[in-house]
Amino acid sequence: MSFRAPVQDYEYIMRHIVGYGKVSATARFEEAGEELTSAILTEAGRLCEEVLSPLQRNGDLDPARLEDGVVHTSKGFAEGYKAIREGGWISVAASPEYGGMGLPMTVTTAVNEMMSAACLSIALNPLMTQGQIEALEHHASEEIKAIYLPKLVSGEWCGTMNLTEAQAGSDVGALSSKAEDNGDGTYAITGQKIYISWGDNDFSENVCHLVLARLPGAPAGTKGISLFLVPKFLPDASGEVGEANSLHVVSLEHKLGLHGSPTAVMQYDGATGWLVGPEGGGMAAMFTMMNNARLGVGCQGIGAGEGAYQKALAYAKDRKQGRTPVAGGTGAIIDHADVRRMLATMRAELFAARCIAMANAVAIDMSHATREPDWAARAALLTPITKAFGTDTGIKVAEIGVQVHGGMGFIEETGAAQYSRDVRVTAIYEGTNGIQSMDLVGRKLMDGGEAAHTLIDEMQRFAEEARATRPLMAGLIWNATETLREATEWMVSQTSMTARFAGSVPFLAAYARVLGGYYHLCAAVSEGSNGPRTKLARFYINRLLPEYKALLDHAMQGDADLYALDIEDFDVA
Ligand SMILES: Cc1cc2nc3c(=O)[nH]c(=O)nc-3n(C[C@H](O)[C@H](O)[C@H](O)COP(=O)(O)OP(=O)(O)OC[C@H]3O[C@@H](n4cnc5c(N)ncnc54)[C@H](O)[C@@H]3O)c2cc1C
């Protein structure tokens with residue numbers, strides 16, 4: 001079975017669910033109308049189906065390896081990367097000033113999701129470069145922009161992000177890499193970074209690392225961190241690759257999955273770097289890259305889930321087992337109620353997560369196009385939800401995909417297990433999902449819950465109107481939004497952050513559940529008949545949505561019971 005890019009689903013969501021028309025109505029994105037975006041998505045879909053999807057197994061069976069200090073990528077990845085680069089898929093949203101297409105983030109989001117569905121390992125490479133492009137566009141000097149952006153936008157050079165050190169994972173502020181002023185406009189960077197995705201490759205002319213490090217005398221914690229651009233090869237006077245910089249790949253990690261993506265330990269030995277943004281402004285600059293990457297990683301989860309779903313569906317239509325329990329059935333396992341439950345769950349969850357990601361991208365585009373703070377607040381609210389729910393959905397869907405295959409799901413040659421292994425890391429990197437949910441109940445509710453309540457109000461108004469045509473589903477969504485409103489008020493009223501954090505993961509999951517239900521209701525209303533979108537909406541709203549009640553009960557327990565357990569109480573008696 002070959003992968004099919006879900007282009008029609010993106011188009012439907014853009015047109016009927018997340019209001020993409022608002023984006024293309026702005027002056028900034030007036031050229032990105034339906035016709036153009038449809039042509040772009042179709043072309044990207046072709047790349048994913050014909051070029052990237054055949055590489056998926058290569059990454060697993062022929063992992064990236066380090067030999068004599070050189071990273072060798074999986075079979076076919078160099079050609080795959082060339083096709084991504086030549087198609088301009090790295091720079092869909094990048095500024096036309098440096099050769100990018102200047103299209104909305106909504107379009108990039110769909111393209112990134114498809115690439116992740118086709119081959120997650122290779123798709124991670126352009127995602128890193130995209131984030132770097134955005135960080136440089138916002139924070140770098142004009143000289144750096146002039147040298148680096150055309151090369152990154154064209155894909156001749158790749159980008160990476162270097163935050164993590166052995167003692168500084170979630171706690172980025174604990175990092176100890178050093179930067180010293182060389183007195184000539186450059187800095188000497190020294191330190192070791194671990195887990196660096198695509199730390200090197202054998203297909204781009206240069207690899208440009210954005211590295212967080214501390215200047216002498218900088219304060220402890222995140223305030224003392226600055227950001228530096230440290231290329232593998234130093235650009236010469238004409239901006240072309242020159243001499244090698246003092247950095248190297250120490251080793252590549254042996255991982256659970258995502259074997260086609262080289263995850264490197266990077267050593268910097270007084271490597272030459274350039275400051276990006278102000279001294280001590282490293283975290284702010286890196287956040288530009290991280291927010292971009294968080295939306296992108298959410299889409300990685302959704303994409304991997306899509307790939308797993310398509311494989312499971314094909315298997316369920318083909319595999320014959322047991323008596324056909326339904327009249328006129330096909331005789332394949334798809335006839336069994338429990339297999340239908342699994343497939344419907346996969347499809348309904350993916351639709352919900354995809355809508356959330358696309359709504360997030362629309363909010364980013366509207367914020368860029370209008371500069372209205374409400375759109376920025378909406379984008380900020382949705383980013384941790386997209387990241388955590390998108391990746392949790394990918395993990396859940398890929399895991400169900402293994403189950404649909406029965407024993408064959410556990411046998412590597414079907415490729416079902418690869419989705420599950422590859423997608424697992426998406427809940428860990430770019431800030432673990434625990435950290436995302438703390439961001440939601442912490443920083444994102446610091447406005448007194450205004451952004452969260454505004455979205456709840458919108459959902460509730462829609463449910464109220466939908467009572468006329470879809471009374472049962474609309475009533476259930478209305479009730480869910482009301483309970484979510486009360487739980488949000490409870491969260492905001494907690495002065496103890498630990499009390500909030502103790503319930504943050506179920507709160508985020510419940511918020512996403514309700515949002516997903518709202519988007520399914522939107523689909524049912526816009527479809528207007530008893531078609532496939534309405535049937536899927538009914539499934540989601542009747543069977544999956546009710547989880548919000550238990551999740552919100554859990555979210556509002558506070559922290560007392562967790563800390564009533566002494567550390568010794570965790571020990572096995
Ligand atoms: C394959 C792979 C690729 C990666 N790519 C990159 C990359 O390109 N660049 C880069 O810089 N990094 C990268 N990372 C690193 C990744 O971002 C970190 O692994 C991640 O941020 C978690 O840090 P940690 O591993 O140190 O875990 P820890 O921070 O030790 O976390 C362990 C557990 O404790 C929890 N925890 C930690 N602190 C808190 C807290 N304050 N409150 C509540 N819970 C907490 C976490 O949620 C987690 O469950 C990559 C990692 C992997 C595995």
# chains A, B, ... in the order shown; residues from 1 in each chain; ligands from 1
call {"tool": "residues_near_ligand", "arguments": {"ligand": "ligand 1", "cutoff": "9 Å", "atoms": "only C-alpha atoms and all ligand atoms", "output": "ChimeraX atom specification"}}
result
/A:128,160-172,193-199,211-212,253,255-259,261-264,425-426,428-436,438,501-502
call {"tool": "select_by_dssp", "arguments": {"residues": "range 325-447 of chain A", "states": "alpha helix (DSSP H)", "output": "ChimeraX atom specification"}}
result
/A:337-370,373-404,407-410,416-423,433-441
call {"tool": "write_last_selection", "arguments": {"atoms": "C-alpha atoms", "output": "compact mmCIF listing (two decimals), in the first residue's frame"}}
result
# COMPACT_ATOMS: atom_id res chain seq x y z
CA ALA A 337 -16.92 -3.90 15.57
CA ASP A 338 -13.74 -3.59 17.59
CA VAL A 339 -11.60 -3.06 14.49
CA ARG A 340 -14.06 -0.39 13.35
CA ARG A 341 -13.74 1.23 16.77
CA MET A 342 -9.97 1.33 16.39
CA LEU A 343 -10.05 2.74 12.86
CA ALA A 344 -12.72 5.31 13.70
CA THR A 345 -10.75 6.40 16.76
CA MET A 346 -7.61 6.87 14.66
CA ARG A 347 -9.41 8.90 12.01
CA ALA A 348 -11.44 11.02 14.43
CA GLU A 349 -8.43 11.82 16.63
CA LEU A 350 -6.31 12.78 13.63
CA PHE A 351 -9.00 15.11 12.33
CA ALA A 352 -9.30 16.83 15.72
CA ALA A 353 -5.53 17.25 16.08
CA ARG A 354 -5.16 18.46 12.49
CA CYS A 355 -7.83 21.12 12.98
CA ILE A 356 -6.14 22.35 16.16
CA ALA A 357 -2.78 22.62 14.37
CA MET A 358 -4.30 24.43 11.40
CA ALA A 359 -6.21 26.83 13.69
CA ASN A 360 -2.90 27.50 15.45
CA ALA A 361 -1.23 28.27 12.12
CA VAL A 362 -4.10 30.56 11.08
CA ALA A 363 -3.68 32.47 14.36
CA ILE A 364 0.07 32.87 13.68
CA ASP A 365 -0.64 34.12 10.15
CA MET A 366 -3.31 36.55 11.35
CA SER A 367 -1.01 37.82 14.05
CA HIS A 368 1.76 38.44 11.47
CA ALA A 369 -0.62 40.01 8.96
CA THR A 370 -2.64 42.23 11.32
CA PRO A 373 -2.53 41.17 19.99
CA ASP A 374 -5.60 38.92 20.22
CA TRP A 375 -4.29 36.77 17.38
CA ALA A 376 -0.88 36.55 19.01
CA ALA A 377 -2.57 35.49 22.27
CA ARG A 378 -4.59 32.83 20.40
CA ALA A 379 -1.43 31.49 18.73
CA ALA A 380 0.39 31.42 22.08
CA LEU A 381 -2.49 29.56 23.73
CA LEU A 382 -2.74 26.96 20.97
CA THR A 383 0.99 26.25 20.57
CA PRO A 384 1.45 23.99 23.63
CA ILE A 385 -1.91 22.34 22.89
CA THR A 386 -0.92 21.59 19.30
CA LYS A 387 2.46 20.27 20.38
CA ALA A 388 1.24 18.02 23.18
CA PHE A 389 -2.08 16.88 21.72
CA GLY A 390 -0.65 16.46 18.20
CA THR A 391 2.18 14.26 19.43
CA ASP A 392 0.09 12.34 21.98
CA THR A 393 -2.42 11.68 19.20
CA GLY A 394 0.35 10.48 16.88
CA ILE A 395 1.63 8.11 19.56
CA LYS A 396 -1.86 6.82 20.37
CA VAL A 397 -2.82 6.37 16.73
CA ALA A 398 0.44 4.64 15.80
CA GLU A 399 0.02 2.33 18.79
CA ILE A 400 -3.53 1.46 17.72
CA GLY A 401 -2.09 0.88 14.24
CA VAL A 402 0.10 -1.89 15.65
CA GLN A 403 -2.95 -3.43 17.34
CA VAL A 404 -5.02 -3.41 14.13
CA GLY A 407 0.75 -10.23 15.34
CA MET A 408 1.96 -8.62 12.14
CA GLY A 409 2.03 -5.30 13.97
CA PHE A 410 4.82 -6.66 16.14
CA ALA A 416 3.51 -0.60 11.44
CA ALA A 417 5.83 -0.73 14.45
CA GLN A 418 8.20 1.80 12.88
CA TYR A 419 5.55 4.52 13.06
CA SER A 420 5.10 3.80 16.75
CA ARG A 421 8.85 3.82 17.47
CA ASP A 422 9.59 6.87 15.31
CA VAL A 423 6.81 9.06 16.69
CA ASN A 433 4.61 17.30 26.86
CA GLY A 434 4.69 17.78 30.63
CA ILE A 435 6.53 21.07 30.10
CA GLN A 436 4.01 22.08 27.40
CA SER A 437 1.08 21.57 29.77
CA MET A 438 2.83 23.56 32.50
CA ASP A 439 3.30 26.33 29.93
CA LEU A 440 -0.46 26.21 29.25
CA VAL A 441 -1.61 26.47 32.86
call {"tool": "residues_around", "arguments": {"residues": "range 242-250 of chain A", "least_positions_apart": "6", "cutoff": "6 Å", "atoms": "only C-alpha atoms", "output": "CSV table (one decimal) with C-alpha atoms, in the first residue's frame"}}
result
chain,number,residue,atom,x,y,z
A,232,LYS,CA,30.5,24.0,10.2
A,233,PHE,CA,32.4,25.8,7.5
A,234,LEU,CA,33.2,29.5,7.9
A,235,PRO,CA,31.9,31.6,5.0
A,236,ASP,CA,34.7,33.2,3.0
A,265,VAL,CA,26.7,14.8,20.4
A,266,MET,CA,28.4,18.0,19.2
A,267,GLN,CA,31.7,19.3,20.5
A,268,TYR,CA,32.6,23.0,20.1
A,269,ASP,CA,36.3,23.8,20.8
A,271,ALA,CA,34.5,27.5,17.4
call {"tool": "closest_residue", "arguments": {"among": "A:Ala64, A:Ala32, A:Met491, A:Leu136", "to": "Asp202 in chain A", "atoms": "only C-alpha atoms"}}
result
A:Ala64
call {"tool": "closest_residue", "arguments": {"among": "A:Ala312, A:Leu472, A:Val51, A:Met14", "to": "Gly406 in chain A", "atoms": "only C-alpha atoms"}}
result
A:Ala312
call {"tool": "closest_residue", "arguments": {"among": "A:Glu34, A:Gly415, A:Asp200, A:Gln557", "to": "Val70 in chain A", "atoms": "only C-alpha atoms"}}
result
A:Asp200
call {"tool": "atom_distance", "arguments": {"atom1": "CA of Val276 in chain A", "atom2": "CA of Ser226 in chain A"}}
result
7.7 Å
call {"tool": "residues_around", "arguments": {"residues": "Cys48 in chain A", "least_positions_apart": "3", "cutoff": "7 Å", "atoms": "only C-alpha atoms", "output": "list of chain:residue names"}}
result
A:Ala5, A:Ala44, A:Gly45, A:Val51, A:Leu52, A:Ser53, A:Met114, A:Met115, A:Ala118
